[in-house]
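First the structure, in the form of structure tokens, and then the observations on it.
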Amino acid sequence: MAENEAERADDPAPSPDADAASEPAPSAAPPATATRRGALEMLVAAGSAAYVAALIVPAGRFLASGAAGTRGERWLRAIRLDALDDGTPARVQIKGDQRDGITVTPARTLGPVGVNKKGSEVAALSSECPHLGCAVDLAAGGKAFGCPCHTSRFGLDGKAESGPAPRGMDALATRVVDGWVEVDFRRYRQGAAELVEV
Ligand code: FES
């Protein structure tokens, strides 16, 4: 009997707070796992935002450059004004940055342009045939332009005269800056009667 009493005395007395002590004490600070999860979610959100921005910003630049057919002006040097003979078109290779989608390759030959001066006026025509894109050059002893691929013929003013070309040669705006003729270089869809910039 005394031994049983001794055993009971060794047992710790049940405490009314024992159950409560086994539960986590309420705290104002979030658990460490919740804090880590929150930080991870913030990192994922920031990474997603950066990824979306990486896609949107080049696309925005591409659209701002006029990819949808409304490209901005692109003035490139063609030839010195004093190198032109009045009334005799010169064929000039235009150089500039090559744009392919969102990539840009600097200092590439973009294509030939015919530049003609008459008095104080300077005109430029794209030498890319509006039929299928072959290079148009002077023909008929310099009195016309001709395309060697399917024999389209154009007047010196670029008007279509014969052959399968669906429109005349494409006129490009010009200006003179510091003695240089500059052209607003553009390309238009081939094989179409209407002008659609590409
Ligand atoms: S590409 Fe010039 S006529 Fe066909």
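Ordered as shown in the structure tokens, chains take letters A, B, and onward, while each chain numbers its residues from 1 and ligands are numbered from 1 in the order shown.
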Please write out the residues within 9 Å of ligand 1 as a short mmCIF file (atom, residue, chain, number, x, y, z; two decimals) with N, CA and C atoms, in the first residue's frame, counting only C-alpha atoms and all ligand atoms.
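Full text of part_1.cif as output:
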data_model
loop_
_atom_site.label_atom_id
_atom_site.label_comp_id
_atom_site.auth_asym_id
_atom_site.auth_seq_id
_atom_site.Cartn_x
_atom_site.Cartn_y
_atom_site.Cartn_z
N GLU A 128 13.76 47.28 -106.38
CA GLU A 128 13.20 45.94 -106.17
C GLU A 128 11.94 45.82 -107.02
N CYS A 129 11.95 44.90 -107.96
CA CYS A 129 10.82 44.78 -108.89
C CYS A 129 9.53 44.46 -108.12
N PRO A 130 8.46 45.20 -108.37
CA PRO A 130 7.21 44.95 -107.64
C PRO A 130 6.51 43.67 -108.07
N HIS A 131 7.07 42.98 -109.08
CA HIS A 131 6.49 41.69 -109.47
C HIS A 131 6.92 40.62 -108.46
N LEU A 132 8.18 40.20 -108.55
CA LEU A 132 8.66 39.16 -107.63
C LEU A 132 9.98 39.53 -106.98
N GLY A 133 10.40 40.77 -107.10
CA GLY A 133 11.53 41.23 -106.31
C GLY A 133 12.89 41.19 -106.97
N CYS A 134 12.98 40.86 -108.26
CA CYS A 134 14.30 40.91 -108.92
C CYS A 134 14.79 42.37 -108.96
N ALA A 135 16.07 42.51 -109.22
CA ALA A 135 16.66 43.86 -109.24
C ALA A 135 16.41 44.52 -110.59
N VAL A 136 15.73 45.65 -110.56
CA VAL A 136 15.47 46.44 -111.76
C VAL A 136 16.69 47.30 -112.05
N GLY A 146 14.29 48.31 -116.61
CA GLY A 146 13.81 47.00 -117.00
C GLY A 146 14.16 45.95 -115.97
N CYS A 147 13.32 44.95 -115.86
CA CYS A 147 13.59 43.83 -114.95
C CYS A 147 13.97 42.62 -115.78
N PRO A 148 15.11 42.00 -115.52
CA PRO A 148 15.57 40.90 -116.36
C PRO A 148 14.81 39.59 -116.13
N CYS A 149 14.09 39.48 -115.03
CA CYS A 149 13.48 38.18 -114.72
C CYS A 149 12.29 37.87 -115.61
N HIS A 150 11.35 38.79 -115.74
CA HIS A 150 10.15 38.52 -116.55
C HIS A 150 9.86 39.71 -117.45
N THR A 151 10.89 40.45 -117.75
CA THR A 151 10.88 41.55 -118.74
C THR A 151 9.86 42.64 -118.46
N SER A 152 9.57 42.92 -117.20
CA SER A 152 8.75 44.11 -116.92
C SER A 152 9.55 45.34 -117.31
N ARG A 153 8.87 46.36 -117.82
CA ARG A 153 9.53 47.58 -118.27
C ARG A 153 8.85 48.77 -117.57
N GLY A 163 4.86 44.17 -119.21
CA GLY A 163 5.31 43.05 -118.38
C GLY A 163 4.36 42.76 -117.24
N PRO A 164 4.68 41.74 -116.45
CA PRO A 164 3.75 41.27 -115.41
C PRO A 164 3.75 42.09 -114.11
N ALA A 165 4.61 43.06 -113.98
CA ALA A 165 4.62 43.84 -112.71
C ALA A 165 3.25 44.46 -112.46
N GLN A 190 5.48 42.37 -102.66
CA GLN A 190 5.60 42.10 -104.10
C GLN A 190 4.33 41.41 -104.61
N GLY A 191 4.07 41.59 -105.90
CA GLY A 191 2.96 40.90 -106.54
C GLY A 191 1.60 41.47 -106.25
#
Test item: residues at most 12 Å from Ala140 in chain A, only C-alpha atoms, excluding those fewer than 3 positions along its chain, as a list of chain:residue names
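Final neighbour list, sorted by chain and number: A:Asp137, A:Lys143, A:Ala144, A:Phe145, A:Gly146, A:Cys147, A:Arg153, A:Phe154, A:Gly155, A:Leu156.
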Write to file, as an mmCIF file, in the first residue's frame, the residues of the selection just made, with C-alpha atoms.
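selection_22.cif written:
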data_model
loop_
_atom_site.group_PDB
_atom_site.id
_atom_site.type_symbol
_atom_site.label_atom_id
_atom_site.label_comp_id
_atom_site.auth_asym_id
_atom_site.auth_seq_id
_atom_site.Cartn_x
_atom_site.Cartn_y
_atom_site.Cartn_z
ATOM 1 C CA ASP A 137 18.157 48.303 -113.692
ATOM 2 C CA LYS A 143 15.830 55.650 -121.320
ATOM 3 C CA ALA A 144 13.844 53.214 -119.161
ATOM 4 C CA PHE A 145 14.077 50.705 -116.327
ATOM 5 C CA GLY A 146 13.811 46.997 -117.004
ATOM 6 C CA CYS A 147 13.589 43.834 -114.947
ATOM 7 C CA ARG A 153 9.525 47.583 -118.267
ATOM 8 C CA PHE A 154 9.160 50.923 -116.450
ATOM 9 C CA GLY A 155 9.589 54.538 -117.470
ATOM 10 C CA LEU A 156 12.292 56.661 -115.864
#
Rounded to one decimal in Å, what is the spacing between CA of Ala171 in chain A and CA of Arg189 in chain A?
13.5 Å
In Å to one decimal, how far is CA of Pro166 in chain A from CA of Arg77 in chain A?
28.6 Å
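For the pair CA of Asp85 in chain A and CA of Arg167 in chain A, the interatomic distance is 27.1 Å.
Listed by chain and then by rising number, the residues of range 122-183 of chain A that DSSP assigns to strand (DSSP E) from the backbone are Val122, Ala123, Ala124, Leu125, Ser126, Asp137, Leu138, Ala139, Ala144, Phe145, Gly146, Arg153, Phe154, Ala160, Glu161, Ser162, Ala171, Leu172, Thr174, Arg175, Val176, Val177, Trp180, Val181, Glu182 and Val183 of chain A.
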Here is a test: counting only C-alpha atoms, which residue of A:Val198, A:Val177, A:Leu172, A:Ile79 is nearest to Ala123 in chain A?
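When distances to Ala123 in chain A are compared using only C-alpha atoms, the smallest one comes from A:Leu172.
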Write out as a tab-separated table a residue-level contact list of range 109-169 of chain A versus range 182-187 of chain A with cut-off 10 Å: for each qualifying residue the closest pair of atoms and the distance in Å to one decimal, counting only C-alpha atoms, rows sorted by chain and residue number upward.
residue	atom	partner	partner_atom	distance
A:Leu110	CA	A:Phe185	CA	8.9
A:Gly111	CA	A:Phe185	CA	9.3
A:Val113	CA	A:Val183	CA	8.8
A:Val115	CA	A:Val183	CA	9.0
A:Val122	CA	A:Glu182	CA	9.8
A:Ala123	CA	A:Val183	CA	8.9
A:Ala124	CA	A:Val183	CA	7.1
A:Leu125	CA	A:Val183	CA	9.4
A:Ser126	CA	A:Arg187	CA	8.0
A:Glu128	CA	A:Arg187	CA	8.3
A:Pro130	CA	A:Arg187	CA	9.7
Same residues, C-alpha atoms, saved as a JSON list (two decimals), in the first residue's frame:
[["chain", "number", "residue", "atom", "x", "y", "z"],
["A", 110, "LEU", "CA", 19.64, 46.58, -97.87],
["A", 111, "GLY", "CA", 19.10, 46.90, -101.59],
["A", 113, "VAL", "CA", 17.70, 52.32, -105.27],
["A", 115, "VAL", "CA", 18.25, 58.13, -107.64],
["A", 122, "VAL", "CA", 15.76, 64.62, -106.44],
["A", 123, "ALA", "CA", 13.63, 61.49, -106.75],
["A", 124, "ALA", "CA", 14.30, 57.90, -105.71],
["A", 125, "LEU", "CA", 12.74, 54.63, -106.86],
["A", 126, "SER", "CA", 13.17, 51.26, -105.21],
["A", 128, "GLU", "CA", 13.20, 45.94, -106.17],
["A", 130, "PRO", "CA", 7.21, 44.95, -107.64]]
Would you list the contacts of Trp180 in chain A as a PDB file with C-alpha atoms, in the first residue's frame, taking every protein, DNA or RNA residue within 10 Å and counting only C-alpha atoms, but skipping same-chain residues closer than 6 positions in sequence?
ATOM      1  CA  LEU A  76      19.547  56.470 -94.981  1.00  0.00           C
ATOM      2  CA  ARG A  77      22.350  58.037 -97.016  1.00  0.00           C
ATOM      3  CA  ALA A  78      22.308  57.150-100.712  1.00  0.00           C
ATOM      4  CA  ILE A  79      24.783  59.287-102.679  1.00  0.00           C
ATOM      5  CA  ARG A  80      26.353  62.737-102.645  1.00  0.00           C
ATOM      6  CA  LEU A  81      24.194  65.255-104.461  1.00  0.00           C
ATOM      7  CA  ASP A  82      27.143  66.539-106.507  1.00  0.00           C
ATOM      8  CA  ALA A  83      27.813  62.981-107.746  1.00  0.00           C
TER       9      ALA A  83
END
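The residue that comes closest to Gly142 in chain A, out of A:Ala90, A:Ala173, A:Leu84, A:Val181 and on the basis of only C-alpha atoms, is A:Ala90.
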